[in-house]
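> Contents are mmCIF, C-alpha atoms; file name final.cif:
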data_protein
loop_
_atom_site.label_atom_id
_atom_site.label_comp_id
_atom_site.auth_asym_id
_atom_site.auth_seq_id
_atom_site.Cartn_x
_atom_site.Cartn_y
_atom_site.Cartn_z
CA MET Z 1 2.08 46.24 41.38
CA PHE Z 2 -1.05 46.91 39.38
CA PRO Z 3 -1.47 48.97 36.19
CA ILE Z 4 -3.18 52.32 36.71
CA LYS Z 5 -6.10 51.32 34.45
CA PHE Z 6 -6.73 48.21 36.59
CA ALA Z 7 -6.51 50.30 39.78
CA ARG Z 8 -9.03 52.85 38.51
CA GLU Z 9 -11.48 50.14 37.45
CA ASN Z 10 -11.04 47.88 40.51
CA ILE Z 11 -10.50 50.27 43.38
CA GLU Z 12 -12.94 48.50 45.70
CA LEU Z 13 -11.29 45.12 45.06
CA LEU Z 14 -7.88 46.60 45.93
CA LYS Z 15 -9.27 48.27 49.05
CA GLN Z 16 -10.65 44.91 50.21
CA ALA Z 17 -7.33 43.18 49.50
CA ALA Z 18 -5.42 45.74 51.56
CA GLN Z 19 -7.93 45.46 54.39
CA ASN Z 20 -7.71 41.66 54.39
CA LYS Z 21 -3.92 41.88 54.52
CA ASN Z 22 -3.98 44.39 57.38
CA ILE Z 23 -1.99 46.82 55.25
CA SER Z 24 -2.73 50.52 55.54
CA VAL Z 25 -3.07 52.36 52.22
CA ASP Z 26 -3.88 56.09 51.99
CA TRP Z 27 -6.68 55.89 49.44
CA ASP Z 28 -7.47 59.62 49.89
CA VAL Z 29 -4.09 60.42 48.35
CA PHE Z 30 -5.03 58.46 45.25
CA GLN Z 31 -8.43 60.11 45.03
CA ASN Z 32 -6.97 63.60 45.42
CA ILE Z 33 -4.34 62.95 42.74
CA GLU Z 34 -6.96 61.49 40.41
CA ASN Z 35 -9.28 64.50 40.90
CA GLU Z 36 -6.42 66.89 40.19
CA ARG Z 37 -5.35 64.86 37.16
CA ARG Z 38 -8.84 64.86 35.68
CA LYS Z 39 -9.18 68.62 36.22
CA ILE Z 40 -5.84 69.36 34.51
CA LEU Z 41 -6.55 66.88 31.72
CA LYS Z 42 -9.91 68.51 30.97
CA SER Z 43 -8.34 71.97 30.94
CA LEU Z 44 -5.45 70.73 28.79
CA GLU Z 45 -7.74 69.17 26.22
CA GLU Z 46 -9.65 72.46 25.91
CA GLU Z 47 -6.43 74.50 25.57
CA LYS Z 48 -5.12 72.11 22.90
CA ARG Z 49 -8.39 72.50 21.00
CA VAL Z 50 -8.12 76.31 21.16
CA HIS Z 51 -4.44 76.16 20.19
CA LYS Z 52 -5.27 74.01 17.17
CA ASN Z 53 -7.91 76.54 16.04
CA LEU Z 54 -5.42 79.40 16.48
CA ASN Z 55 -2.87 77.60 14.35
CA GLN Z 56 -5.46 77.06 11.64
CA GLN Z 57 -6.35 80.78 11.72
CA LEU Z 58 -2.67 81.72 11.60
CA ALA Z 59 -2.10 79.54 8.58
CA LEU Z 60 -5.08 81.11 6.84
CA LEU Z 61 -3.95 84.70 7.58
CA LYS Z 62 -0.41 83.93 6.41
CA LYS Z 63 -1.79 82.47 3.20
CA LYS Z 64 -3.87 85.61 2.59
CA GLY Z 65 -0.96 87.88 3.50
CA GLN Z 66 -2.93 89.51 6.31
CA PRO Z 67 -1.50 90.57 9.73
CA TYR Z 68 -1.27 87.66 12.16
CA GLU Z 69 1.12 88.87 14.93
CA HIS Z 70 -1.68 89.29 17.50
CA LEU Z 71 -2.70 85.65 17.02
CA LEU Z 72 0.93 84.50 17.09
CA GLU Z 73 1.37 86.00 20.55
CA GLN Z 74 -1.80 84.26 21.79
CA ALA Z 75 -0.66 80.95 20.34
CA LYS Z 76 2.78 81.23 21.99
CA LYS Z 77 1.25 82.05 25.37
CA LEU Z 78 -1.16 79.13 25.04
CA SER Z 79 1.66 76.82 23.97
CA ASP Z 80 3.59 77.71 27.14
CA GLN Z 81 0.51 77.00 29.26
CA ILE Z 82 0.06 73.62 27.54
CA LYS Z 83 3.70 72.67 28.24
CA GLU Z 84 3.25 73.67 31.89
CA LYS Z 85 0.16 71.52 32.27
CA GLU Z 86 1.77 68.58 30.49
CA GLN Z 87 4.60 68.73 33.03
CA LEU Z 88 2.05 68.89 35.84
CA LEU Z 89 0.40 65.78 34.41
CA ARG Z 90 3.76 63.96 34.27
CA ASP Z 91 4.40 64.91 37.90
CA LEU Z 92 0.99 63.61 38.92
CA GLU Z 93 1.55 60.36 36.99
CA GLU Z 94 4.80 59.88 38.91
CA LYS Z 95 2.90 60.35 42.16
CA ILE Z 96 0.32 57.81 41.00
CA GLU Z 97 3.13 55.32 40.27
CA GLU Z 98 4.50 55.90 43.77
CA PHE Z 99 1.05 55.32 45.21
CA LEU Z 100 0.49 52.14 43.17
CA ALA Z 101 3.70 50.73 44.69
CA THR Z 102 2.04 50.85 48.12
CA ILE Z 103 -0.92 48.62 47.15
CA PRO Z 104 -0.45 44.97 48.19
CA ASN Z 105 -1.13 41.98 45.98
CA ILE Z 106 -4.62 40.48 45.92
CA PRO Z 107 -4.92 37.21 47.89
CA HIS Z 108 -5.95 34.13 45.93
CA LYS Z 109 -9.57 33.06 46.42
CA ASP Z 110 -8.45 29.92 48.32
CA VAL Z 111 -6.64 31.93 51.00
CA PRO Z 112 -8.60 32.12 54.28
CA VAL Z 113 -9.44 35.62 55.46
CA GLY Z 114 -7.89 36.29 58.86
CA LYS Z 115 -6.01 38.80 60.99
CA SER Z 116 -3.01 36.88 62.31
CA SER Z 117 -1.22 33.52 62.53
CA GLN Z 118 -4.06 32.35 64.78
CA ASP Z 119 -6.23 32.18 61.64
CA ASN Z 120 -3.80 30.07 59.60
CA VAL Z 121 -4.85 26.57 58.53
CA VAL Z 122 -2.75 23.42 59.04
CA VAL Z 123 -2.96 21.56 55.71
CA ARG Z 124 -0.98 18.42 56.64
CA SER Z 125 1.63 17.09 59.03
CA TRP Z 126 4.56 14.69 58.65
CA GLY Z 127 6.14 12.67 61.46
CA GLU Z 128 5.05 12.74 65.07
CA ILE Z 129 5.99 14.63 68.18
CA LYS Z 130 7.79 12.21 70.48
CA LYS Z 131 8.10 12.72 74.22
CA PRO Z 132 11.78 12.27 75.16
CA SER Z 133 12.69 10.24 78.25
CA PHE Z 134 14.95 13.09 79.40
CA GLU Z 135 14.76 16.87 79.59
CA VAL Z 136 15.84 18.28 76.22
CA MET Z 137 18.13 21.27 76.46
CA PRO Z 138 17.31 24.29 74.27
CA HIS Z 139 19.69 24.58 71.33
CA TYR Z 140 21.53 27.56 72.80
CA GLU Z 141 22.39 25.57 75.93
CA ILE Z 142 23.59 22.39 74.27
CA GLY Z 143 25.29 24.43 71.53
CA ALA Z 144 27.28 26.34 74.14
CA LYS Z 145 28.06 23.16 76.09
CA LEU Z 146 29.47 21.47 72.98
CA GLY Z 147 31.25 24.63 71.79
CA ILE Z 148 29.55 24.58 68.39
CA LEU Z 149 27.33 27.65 68.88
CA GLN Z 150 29.02 30.75 70.28
CA LEU Z 151 26.54 33.59 70.49
CA GLU Z 152 28.76 35.74 72.70
CA LYS Z 153 31.55 35.67 70.08
CA GLY Z 154 29.19 36.97 67.40
CA ALA Z 155 27.91 39.66 69.76
CA LYS Z 156 31.53 40.73 70.44
CA MET Z 157 32.44 40.81 66.74
CA THR Z 158 29.30 42.53 65.48
CA GLY Z 159 26.37 42.71 67.88
CA SER Z 160 23.35 40.75 69.06
CA PHE Z 161 21.68 38.30 66.66
CA PHE Z 162 24.86 37.59 64.66
CA PRO Z 163 25.80 34.01 65.68
CA VAL Z 164 29.10 32.16 65.30
CA PHE Z 165 29.17 28.44 64.52
CA ALA Z 166 32.46 26.77 65.41
CA ASP Z 167 34.17 23.44 64.76
CA LYS Z 168 31.52 20.75 64.15
CA GLY Z 169 28.85 23.46 64.22
CA ALA Z 170 30.44 25.17 61.21
CA LEU Z 171 30.74 21.78 59.52
CA LEU Z 172 27.03 21.16 60.14
CA VAL Z 173 26.16 24.48 58.46
CA ARG Z 174 28.30 23.63 55.43
CA ALA Z 175 26.86 20.10 55.28
CA LEU Z 176 23.28 21.36 55.25
CA ILE Z 177 24.00 23.87 52.47
CA ASN Z 178 25.70 21.30 50.25
CA PHE Z 179 23.08 18.62 50.96
CA MET Z 180 20.23 20.97 49.98
CA LEU Z 181 21.91 22.28 46.83
CA ASP Z 182 22.71 18.73 45.71
CA LEU Z 183 19.10 17.67 46.33
CA HIS Z 184 17.54 20.57 44.42
CA THR Z 185 19.90 20.43 41.45
CA LYS Z 186 19.21 16.69 41.12
CA ASN Z 187 15.51 17.54 41.05
CA GLY Z 188 15.81 19.93 38.10
CA PHE Z 189 16.75 23.27 39.69
CA THR Z 190 19.62 25.23 38.15
CA GLU Z 191 22.04 26.61 40.72
CA ILE Z 192 22.77 30.35 40.77
CA TRP Z 193 25.53 32.04 42.78
CA PRO Z 194 24.21 35.64 42.94
CA PRO Z 195 25.59 38.84 44.49
CA ALA Z 196 24.82 39.53 48.15
CA LEU Z 197 24.33 43.21 47.31
CA VAL Z 198 21.59 44.46 45.00
CA ASN Z 199 20.46 47.84 43.71
CA ARG Z 200 17.26 49.69 44.52
CA LYS Z 201 15.59 48.57 41.29
CA SER Z 202 16.05 44.92 42.29
CA MET Z 203 14.61 45.50 45.76
CA PHE Z 204 11.64 47.31 44.25
CA GLY Z 205 11.07 44.52 41.72
CA THR Z 206 10.42 41.87 44.37
CA GLY Z 207 8.42 44.21 46.62
CA GLN Z 208 10.80 44.75 49.56
CA ILE Z 209 10.82 48.49 49.01
CA PRO Z 210 9.42 51.00 49.59
CA ARG Z 211 7.32 49.27 52.27
CA LEU Z 212 10.09 47.38 54.13
CA GLU Z 213 13.06 49.63 53.46
CA GLN Z 214 13.55 50.29 57.18
CA ASP Z 215 14.04 46.55 57.73
CA MET Z 216 16.89 46.33 55.22
CA TYR Z 217 20.61 46.96 55.58
CA ARG Z 218 21.75 49.64 53.11
CA LEU Z 219 25.24 50.88 52.28
CA LYS Z 220 25.81 54.43 53.43
CA ASP Z 221 27.84 55.62 50.44
CA GLU Z 222 26.11 53.67 47.67
CA ASP Z 223 22.44 52.95 47.07
CA LEU Z 224 22.94 49.20 47.45
CA PHE Z 225 21.21 46.81 49.84
CA LEU Z 226 22.39 43.61 51.54
CA ILE Z 227 19.96 40.97 50.36
CA PRO Z 228 17.23 39.82 52.80
CA THR Z 229 16.90 36.60 50.76
CA ALA Z 230 18.22 35.15 47.49
CA GLU Z 231 14.71 35.68 46.14
CA VAL Z 232 15.76 39.26 45.32
CA PRO Z 233 18.78 38.70 43.07
CA VAL Z 234 17.49 35.46 41.54
CA THR Z 235 14.08 36.93 40.60
CA ASN Z 236 15.87 39.93 39.11
CA TYR Z 237 18.06 37.55 37.09
CA HIS Z 238 15.41 37.91 34.37
CA ARG Z 239 14.41 41.53 35.06
CA GLU Z 240 13.45 43.47 31.90
CA GLU Z 241 13.60 40.31 29.79
CA ALA Z 242 11.13 38.31 27.70
CA ILE Z 243 11.67 34.58 28.25
CA PRO Z 244 10.78 32.29 25.32
CA GLU Z 245 7.60 30.43 26.23
CA GLN Z 246 9.12 27.02 25.54
CA GLN Z 247 11.74 27.55 28.27
CA LEU Z 248 9.13 27.83 31.03
CA PRO Z 249 9.03 26.82 33.78
CA LEU Z 250 12.50 28.00 34.81
CA ARG Z 251 13.55 26.71 38.23
CA TYR Z 252 16.55 28.07 40.12
CA CYS Z 253 18.15 27.42 43.50
CA ALA Z 254 20.72 29.55 45.28
CA TYR Z 255 22.57 29.58 48.57
CA THR Z 256 23.26 33.02 50.09
CA PRO Z 257 23.74 34.64 53.45
CA CYS Z 258 20.72 36.82 54.25
CA PHE Z 259 20.55 40.09 56.17
CA ARG Z 260 17.53 41.66 57.87
CA ARG Z 261 17.37 44.50 60.37
CA GLU Z 262 13.72 43.70 61.20
CA ALA Z 263 13.39 47.06 62.92
CA GLY Z 264 10.97 46.85 65.83
CA ALA Z 265 10.40 43.09 65.41
CA TYR Z 266 11.80 42.11 68.80
CA GLY Z 267 10.21 41.50 72.15
CA LYS Z 268 10.14 37.70 71.94
CA ASP Z 269 12.25 34.92 70.46
CA THR Z 270 15.40 36.81 71.35
CA ARG Z 271 17.45 33.87 72.64
CA GLY Z 272 19.52 31.64 70.43
CA LEU Z 273 18.89 31.22 66.71
CA ILE Z 274 15.14 31.80 66.44
CA ARG Z 275 15.50 35.39 65.17
CA LEU Z 276 18.69 36.71 63.60
CA HIS Z 277 20.05 39.65 61.64
CA GLN Z 278 22.28 37.39 59.53
CA PHE Z 279 21.46 33.83 58.55
CA ASP Z 280 22.02 31.30 55.77
CA LYS Z 281 19.39 30.03 53.41
CA VAL Z 282 18.96 27.98 50.25
CA GLU Z 283 16.27 29.61 48.13
CA LEU Z 284 14.10 28.21 45.33
CA VAL Z 285 12.72 30.52 42.61
CA ILE Z 286 10.40 29.56 39.75
CA PHE Z 287 9.27 31.48 36.64
CA SER Z 288 6.05 30.00 35.28
CA LYS Z 289 3.34 30.52 32.71
CA PRO Z 290 0.26 31.94 34.48
CA GLU Z 291 -1.95 28.90 33.88
CA ASN Z 292 0.60 26.57 35.52
CA SER Z 293 1.72 28.65 38.49
CA TYR Z 294 -0.45 27.04 41.16
CA ASN Z 295 0.73 23.58 40.14
CA GLU Z 296 4.26 24.97 40.42
CA LEU Z 297 3.44 26.23 43.94
CA GLU Z 298 2.53 22.71 45.06
CA PHE Z 299 5.70 21.40 43.39
CA LEU Z 300 7.72 24.05 45.28
CA VAL Z 301 6.20 23.09 48.63
CA ASN Z 302 6.87 19.40 47.98
CA GLU Z 303 10.49 20.18 47.11
CA ALA Z 304 11.00 21.96 50.43
CA GLU Z 305 9.23 19.11 52.24
CA LYS Z 306 11.73 16.61 50.81
CA VAL Z 307 14.52 18.35 52.72
CA LEU Z 308 12.70 17.95 56.04
CA GLN Z 309 11.68 14.37 55.31
CA LEU Z 310 15.25 13.35 54.47
CA LEU Z 311 16.43 15.05 57.66
CA GLY Z 312 13.78 13.11 59.58
CA LEU Z 313 12.26 16.22 61.17
CA THR Z 314 8.62 16.38 62.23
CA TYR Z 315 6.89 19.25 60.41
CA ARG Z 316 3.57 20.64 59.33
CA VAL Z 317 2.42 22.59 56.26
CA VAL Z 318 0.39 25.70 57.07
CA LEU Z 319 -1.72 27.76 54.66
CA LEU Z 320 -1.37 31.40 55.70
CA CYS Z 321 -4.43 33.59 56.11
CA THR Z 322 -4.66 36.98 54.39
CA GLY Z 323 -3.45 38.93 57.43
CA ASP Z 324 -0.31 36.80 57.88
CA MET Z 325 0.82 36.86 54.24
CA SER Z 326 3.52 39.09 52.81
CA PHE Z 327 2.80 42.29 50.90
CA ALA Z 328 3.57 40.69 47.52
CA ALA Z 329 2.16 37.16 47.87
CA SER Z 330 -1.12 35.86 46.44
CA LYS Z 331 -0.92 32.55 48.30
CA CYS Z 332 1.63 31.24 50.77
CA TYR Z 333 2.38 28.04 52.65
CA ASP Z 334 4.72 27.92 55.65
CA LEU Z 335 6.63 24.80 56.64
CA GLU Z 336 7.11 24.57 60.41
CA VAL Z 337 9.33 22.09 62.25
CA TRP Z 338 8.85 20.95 65.83
CA ALA Z 339 11.63 21.92 68.26
CA PRO Z 340 11.22 20.11 71.62
CA GLY Z 341 13.86 22.15 73.49
CA VAL Z 342 12.06 25.47 73.02
CA GLU Z 343 8.71 23.62 72.67
CA LYS Z 344 7.65 25.51 69.54
CA TRP Z 345 6.76 25.05 65.91
CA LEU Z 346 9.40 27.03 64.00
CA GLU Z 347 8.96 28.31 60.45
CA VAL Z 348 11.79 27.11 58.20
CA SER Z 349 10.25 27.85 54.80
CA SER Z 350 7.66 30.09 53.19
CA CYS Z 351 6.56 29.09 49.69
CA SER Z 352 4.67 31.80 47.80
CA ASN Z 353 3.03 32.43 44.46
CA PHE Z 354 3.20 36.14 43.59
CA GLU Z 355 1.32 35.66 40.30
CA ALA Z 356 2.30 38.62 38.04
CA PHE Z 357 2.79 41.09 40.91
CA GLN Z 358 6.61 40.96 40.97
CA ALA Z 359 6.84 40.45 37.21
CA ARG Z 360 5.04 43.73 36.55
CA ARG Z 361 7.34 45.59 38.95
CA ALA Z 362 10.46 44.00 37.41
CA ASP Z 363 9.13 43.82 33.83
CA ILE Z 364 9.63 40.06 33.43
CA ARG Z 365 7.65 38.67 30.52
CA TYR Z 366 7.43 35.56 28.40
CA ARG Z 367 7.15 35.52 24.61
CA THR Z 368 4.88 33.11 22.74
CA LYS Z 369 5.84 31.52 19.41
CA SER Z 370 3.60 34.07 17.69
CA GLY Z 371 5.60 36.91 19.25
CA LYS Z 372 3.03 38.06 21.81
CA THR Z 373 4.29 38.81 25.34
CA ASP Z 374 2.70 38.63 28.77
CA PHE Z 375 3.95 38.74 32.34
CA VAL Z 376 5.24 35.52 33.89
CA HIS Z 377 4.17 34.36 37.32
CA THR Z 378 6.99 34.24 39.88
CA LEU Z 379 7.22 31.90 42.87
CA ASN Z 380 9.77 31.41 45.57
CA GLY Z 381 10.32 29.37 48.70
CA SER Z 382 13.05 28.59 51.19
CA GLY Z 383 14.56 25.25 50.44
CA ILE Z 384 15.30 25.72 53.34
CA ALA Z 385 16.48 28.33 55.91
CA LEU Z 386 19.27 27.04 58.15
CA PRO Z 387 19.03 28.59 61.65
CA ARG Z 388 15.73 27.06 62.73
CA THR Z 389 16.53 23.82 60.90
CA ILE Z 390 19.71 23.64 62.97
CA ILE Z 391 17.62 24.31 66.09
CA ALA Z 392 15.40 21.36 65.17
CA ILE Z 393 18.39 19.08 64.56
CA MET Z 394 20.12 20.09 67.82
CA GLU Z 395 16.95 19.52 69.83
CA ASN Z 396 15.38 16.51 68.05
CA TYR Z 397 18.65 14.59 67.66
CA GLN Z 398 19.84 15.33 71.19
CA THR Z 399 20.69 12.36 73.44
CA SER Z 400 20.45 11.87 77.18
CA ARG Z 401 24.27 11.93 77.20
CA GLY Z 402 24.28 15.56 76.04
CA THR Z 403 25.39 14.77 72.48
CA ILE Z 404 23.81 15.43 69.08
CA VAL Z 405 23.38 12.59 66.60
CA ILE Z 406 23.98 13.63 62.98
CA PRO Z 407 21.04 12.87 60.64
CA GLU Z 408 22.09 10.02 58.39
CA VAL Z 409 21.66 12.00 55.18
CA LEU Z 410 24.22 14.59 56.37
CA ARG Z 411 26.95 12.17 57.39
CA PRO Z 412 28.59 11.92 53.95
CA TYR Z 413 28.88 15.73 54.01
CA MET Z 414 30.53 15.66 57.44
CA GLY Z 415 33.30 13.16 56.74
CA GLY Z 416 31.33 10.27 58.21
CA ILE Z 417 30.84 11.90 61.63
CA THR Z 418 27.82 10.32 63.34
CA GLU Z 419 27.66 12.37 66.53
CA ILE Z 420 28.78 15.69 67.98
CA SER Z 421 30.04 15.20 71.51
#
Would you encode the structure as structure tokens?

Amino acid sequence: MFPIKFARENIELLKQAAQNKNISVDWDVFQNIENERRKILKSLEEEKRVHKNLNQQLALLKKKGQPYEHLLEQAKKLSDQIKEKEQLLRDLEEKIEEFLATIPNIPHKDVPVGKSSQDNVVVRSWGEIKKPSFEVMPHYEIGAKLGILQLEKGAKMTGSFFPVFADKGALLVRALINFMLDLHTKNGFTEIWPPALVNRKSMFGTGQIPRLEQDMYRLKDEDLFLIPTAEVPVTNYHREEAIPEQQLPLRYCAYTPCFRREAGAYGKDTRGLIRLHQFDKVELVIFSKPENSYNELEFLVNEAEKVLQLLGLTYRVVLLCTGDMSFAASKCYDLEVWAPGVEKWLEVSSCSNFEAFQARRADIRYRTKSGKTDFVHTLNGSGIALPRTIIAIMENYQTSRGTIVIPEVLRPYMGGITEIS
């Protein structure tokens, strides 16, 4: 979110940013509010000038002992008009704040301009796509055959896109979570166990609302939201705080379940685990000084890559174009794994630098030794999301015998089990 002064002085830059991100912003609303504000402000300044003169005349008449009631009535009437216009100005400023919340972040200069995922750029790849000597079953078929993925049970309990993992499938989920948390905490991230419900202020701070409110699950009787990602509570961990400069960067990791309605997002990828309303994810969040944030972004991407490398999964790193980035991001990399059963690259992590965009919305600052404050830069990335990672494991580690070999790094977390059969 941008300060009003910046918006007024850089309106064309913001218009271009919104256009490049394919985000519709009603700029006429802003112009109309600004015109009305200027008109009221000009009138208010004139009335205050007249009111000041009246008060000076009143003081003079009182001092001389001359009648002043006629001026007193004028001054009172003018004072009421001034109060009215000051309230109008406050109302307009609130509307401006609401409008500013609809303007997306400005893409970094290195981000390619594009309309969709077709314009994204593959930065690097790791591993190679191997052609199996047998026909690989999609994860939903082998998962059902082995009894570890029971989509129909989740549909019965709740509805579509709420999966159930059973027996060794549940153990695999738990193993992945513990493996990733252990990895990240060893690499300097502090673990957080945050709430799965957050308030409206938290959702606003990270940029999910107002734009994506229809995609979120909200409690009917309380204005609380089920989190779409641990990014929301962990970023708001330092909301309305000033972090001492010497503590930066602060790096956190958190496991949470995540909930997304994704209203209107369906029409493809509806089978299995590719798109869900509830899923598990380990999230990485970093608070950085502005001058270091793009180094921290590369560090964040590398941290997520370590998970995939240790799991032995073929992946690629993709730099998103402007039109495929989120509302709040300045620059974003996606990590995509290869899944031979569904024959697709599947996104398992998005690593973003939001610069000061979220920090301004959530009022997260850092304080220098001299006492000056400025907004931090916030970053986050999945480290990593489980459903599509599980797809990749079930399909890449599948055998011709219809079993799934457990990646070596996960075996200590699964009691030494080497294969699901």
> Measuring between only C-alpha atoms, which one of Z:Asp110, Z:Glu240, Z:Asp182, Z:Asp91 shows the shortest distance to Z:Ser202?
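Looking at the shortest contact to Z:Ser202, the residue is Z:Glu240.
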> Using the chain letters and residue numbers of this document, give as a list in words the residues selected by the PyMOL selection byres ((chain Z and resi 181) around 8).
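Expected selection for the PyMOL selection byres ((chain Z and resi 181) around 8) here is Ile177, Asn178, Phe179, Met180, Asp182, Leu183, His184, Thr185, Glu191, Cys253, Ala254, Tyr255 and Val282 of chain Z.
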> Could you tell me which residues the PyMOL selection byres ((chain Z and resi 293) around 8) grabs in this file, written as a CSV table (one decimal) with C-alpha atoms, in the frame of the given file?

chain,number,residue,atom,x,y,z
Z,288,SER,CA,6.0,30.0,35.3
Z,289,LYS,CA,3.3,30.5,32.7
Z,290,PRO,CA,0.3,31.9,34.5
Z,291,GLU,CA,-2.0,28.9,33.9
Z,292,ASN,CA,0.6,26.6,35.5
Z,294,TYR,CA,-0.4,27.0,41.2
Z,295,ASN,CA,0.7,23.6,40.1
Z,296,GLU,CA,4.3,25.0,40.4
Z,297,LEU,CA,3.4,26.2,43.9
Z,353,ASN,CA,3.0,32.4,44.5
Z,355,GLU,CA,1.3,35.7,40.3
Z,377,HIS,CA,4.2,34.4,37.3
Z,378,THR,CA,7.0,34.2,39.9
Z,379,LEU,CA,7.2,31.9,42.9
> Hey, which of Z:Ala242, Z:Leu273, Z:Ala329, Z:Ala166 ends up closest to Z:Gln208? Count all atoms listed in the file.
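Going through Z:Ala242, Z:Leu273, Z:Ala329, Z:Ala166 one by one, the smallest distance to Z:Gln208 is for Z:Ala329.
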> If you count only C-alpha atoms, which residues fall within 10 Å of Z:Ser79, apart from same-chain ones fewer than 5 positions away, as an MDAnalysis selection string?
chainID Z and resid 47:48 51 73:74 84:85
> If I take atom CA of Z:Met325 and atom CA of Z:Gln214, how far is one from the other in Å, to one decimal?
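Atom CA of Z:Met325 sits 18.7 Å away from atom CA of Z:Gln214.
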> Please, what distance in Å, to one decimal, runs between atom CA of Z:Lys344 and atom CA of Z:Ser400?
20.2 Å
> For Z:Arg401, please output as a list in words all residues within 12 Å (counting all atoms listed in the file; exclusion window: fewer than 5 positions along the same chain).
Ser133, Phe134, Glu135, Val136, Met137, Ile142, Lys145, Leu146, Glu419, Ile420 and Ser421 of chain Z
> Select, from Z:Arg218, Z:Arg239, Z:Lys115, Z:Lys21, the residue with the minimum atom-to-atom distance to Z:Ala328, counting all atoms listed in the file.
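Nearest to Z:Ala328: Z:Lys21.
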> Go through the shown structure with the PyMOL selection byres ((chain Z and resi 246) around 10) and write out the matching residues as a count of residues only.
12
> Please, what distance in Å, to one decimal, runs between atom CA of Z:Lys77 and atom CA of Z:Ala59?
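Between atom CA of Z:Lys77 and atom CA of Z:Ala59 the gap is 17.3 Å.
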> Tell me, as a PDB file with C-alpha atoms, in the frame of the given file, which residues lie within 8 Å of Z:Phe375, counting only C-alpha atoms; anything in the same chain fewer than 2 positions away does not count.

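Written output follows (selection_4.pdb):
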ATOM      1  CA  ALA Z 356       2.300  38.620  38.040  1.00  0.00           C
ATOM      2  CA  ALA Z 359       6.840  40.450  37.210  1.00  0.00           C
ATOM      3  CA  ARG Z 360       5.040  43.730  36.550  1.00  0.00           C
ATOM      4  CA  ASP Z 363       9.130  43.820  33.830  1.00  0.00           C
ATOM      5  CA  ILE Z 364       9.630  40.060  33.430  1.00  0.00           C
ATOM      6  CA  ARG Z 365       7.650  38.670  30.520  1.00  0.00           C
ATOM      7  CA  TYR Z 366       7.430  35.560  28.400  1.00  0.00           C
ATOM      8  CA  THR Z 373       4.290  38.810  25.340  1.00  0.00           C
ATOM      9  CA  HIS Z 377       4.170  34.360  37.320  1.00  0.00           C
TER      10      HIS Z 377
END
> Please list as a list of chain:residue names every residue within 9 Å of Z:Lys95, counting only C-alpha atoms and excluding residues in the same chain fewer than 4 positions away.
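Near neighbours after the sequence-gap exclusion: Z:Phe30, Z:Ile33, Z:Arg90, Z:Asp91, Z:Phe99, Z:Leu100.
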> Kindly export the residues of the current selection with C-alpha atoms, as an mmCIF file, in the coordinates of the input.

data_model
loop_
_atom_site.group_PDB
_atom_site.id
_atom_site.type_symbol
_atom_site.label_atom_id
_atom_site.label_comp_id
_atom_site.auth_asym_id
_atom_site.auth_seq_id
_atom_site.Cartn_x
_atom_site.Cartn_y
_atom_site.Cartn_z
ATOM 1 C CA PHE Z 30 -5.030 58.460 45.250
ATOM 2 C CA ILE Z 33 -4.340 62.950 42.740
ATOM 3 C CA ARG Z 90 3.760 63.960 34.270
ATOM 4 C CA ASP Z 91 4.400 64.910 37.900
ATOM 5 C CA PHE Z 99 1.050 55.320 45.210
ATOM 6 C CA LEU Z 100 0.490 52.140 43.170
#
> Please determine, counting only C-alpha atoms, which residue among Z:Ala17, Z:Val405, Z:Ala230, Z:Leu284 has the shortest atom-to-atom distance to Z:Val113.
Z:Ala17
> Taking all atoms listed in the file into account, which of Z:Leu60, Z:Leu226, Z:Val111, Z:Ala175 comes nearest Z:Ser330?
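Nearest candidate to Z:Ser330 out of Z:Leu60, Z:Leu226, Z:Val111, Z:Ala175: Z:Val111.
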> Using all atoms listed in the file, which of Z:Ser43, Z:Ser117, Z:Thr418, Z:Thr235 sits nearest Z:Tyr333?
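Ranking Z:Ser43, Z:Ser117, Z:Thr418, Z:Thr235 by distance to Z:Tyr333, first place goes to Z:Ser117.
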> Taking the point (16.5, 25.0, 64.3) as given in the file, collect each protein or nucleic acid residue that comes within 9 Å of it, counting all atoms listed in the file, and present the set as a PyMOL selection string.
chain Z and resi 139+273-274+337-339+346+348+386-395
> List the spatial neighbours of Z:Val317 as JSON, numbers by chain - criterion: any atom at most 10 Å away, only C-alpha atoms, same-chain residues fewer than 6 positions off excluded.
{"Z": [121, 122, 123, 124, 125, 126, 301, 302, 305, 333, 334, 335, 336, 337, 347, 349, 350]}
> Please return stretch 93-97 of chain Z, rebuilt to N, CA and C atoms, as a PDB file, in the frame of the given file.

ATOM      1  N   GLU Z  93       1.425  61.768  37.367  1.00  0.00           N
ATOM      2  CA  GLU Z  93       1.550  60.360  36.990  1.00  0.00           C
ATOM      3  C   GLU Z  93       2.662  59.673  37.786  1.00  0.00           C
ATOM      4  N   GLU Z  94       3.734  60.422  38.063  1.00  0.00           N
ATOM      5  CA  GLU Z  94       4.800  59.880  38.910  1.00  0.00           C
ATOM      6  C   GLU Z  94       4.283  59.613  40.318  1.00  0.00           C
ATOM      7  N   LYS Z  95       3.475  60.533  40.826  1.00  0.00           N
ATOM      8  CA  LYS Z  95       2.900  60.350  42.160  1.00  0.00           C
ATOM      9  C   LYS Z  95       1.949  59.155  42.181  1.00  0.00           C
ATOM     10  N   ILE Z  96       1.216  58.967  41.092  1.00  0.00           N
ATOM     11  CA  ILE Z  96       0.320  57.810  41.000  1.00  0.00           C
ATOM     12  C   ILE Z  96       1.130  56.517  41.014  1.00  0.00           C
ATOM     13  N   GLU Z  97       2.259  56.496  40.277  1.00  0.00           N
ATOM     14  CA  GLU Z  97       3.130  55.320  40.270  1.00  0.00           C
ATOM     15  C   GLU Z  97       3.652  55.023  41.675  1.00  0.00           C
TER      16      GLU Z  97
END
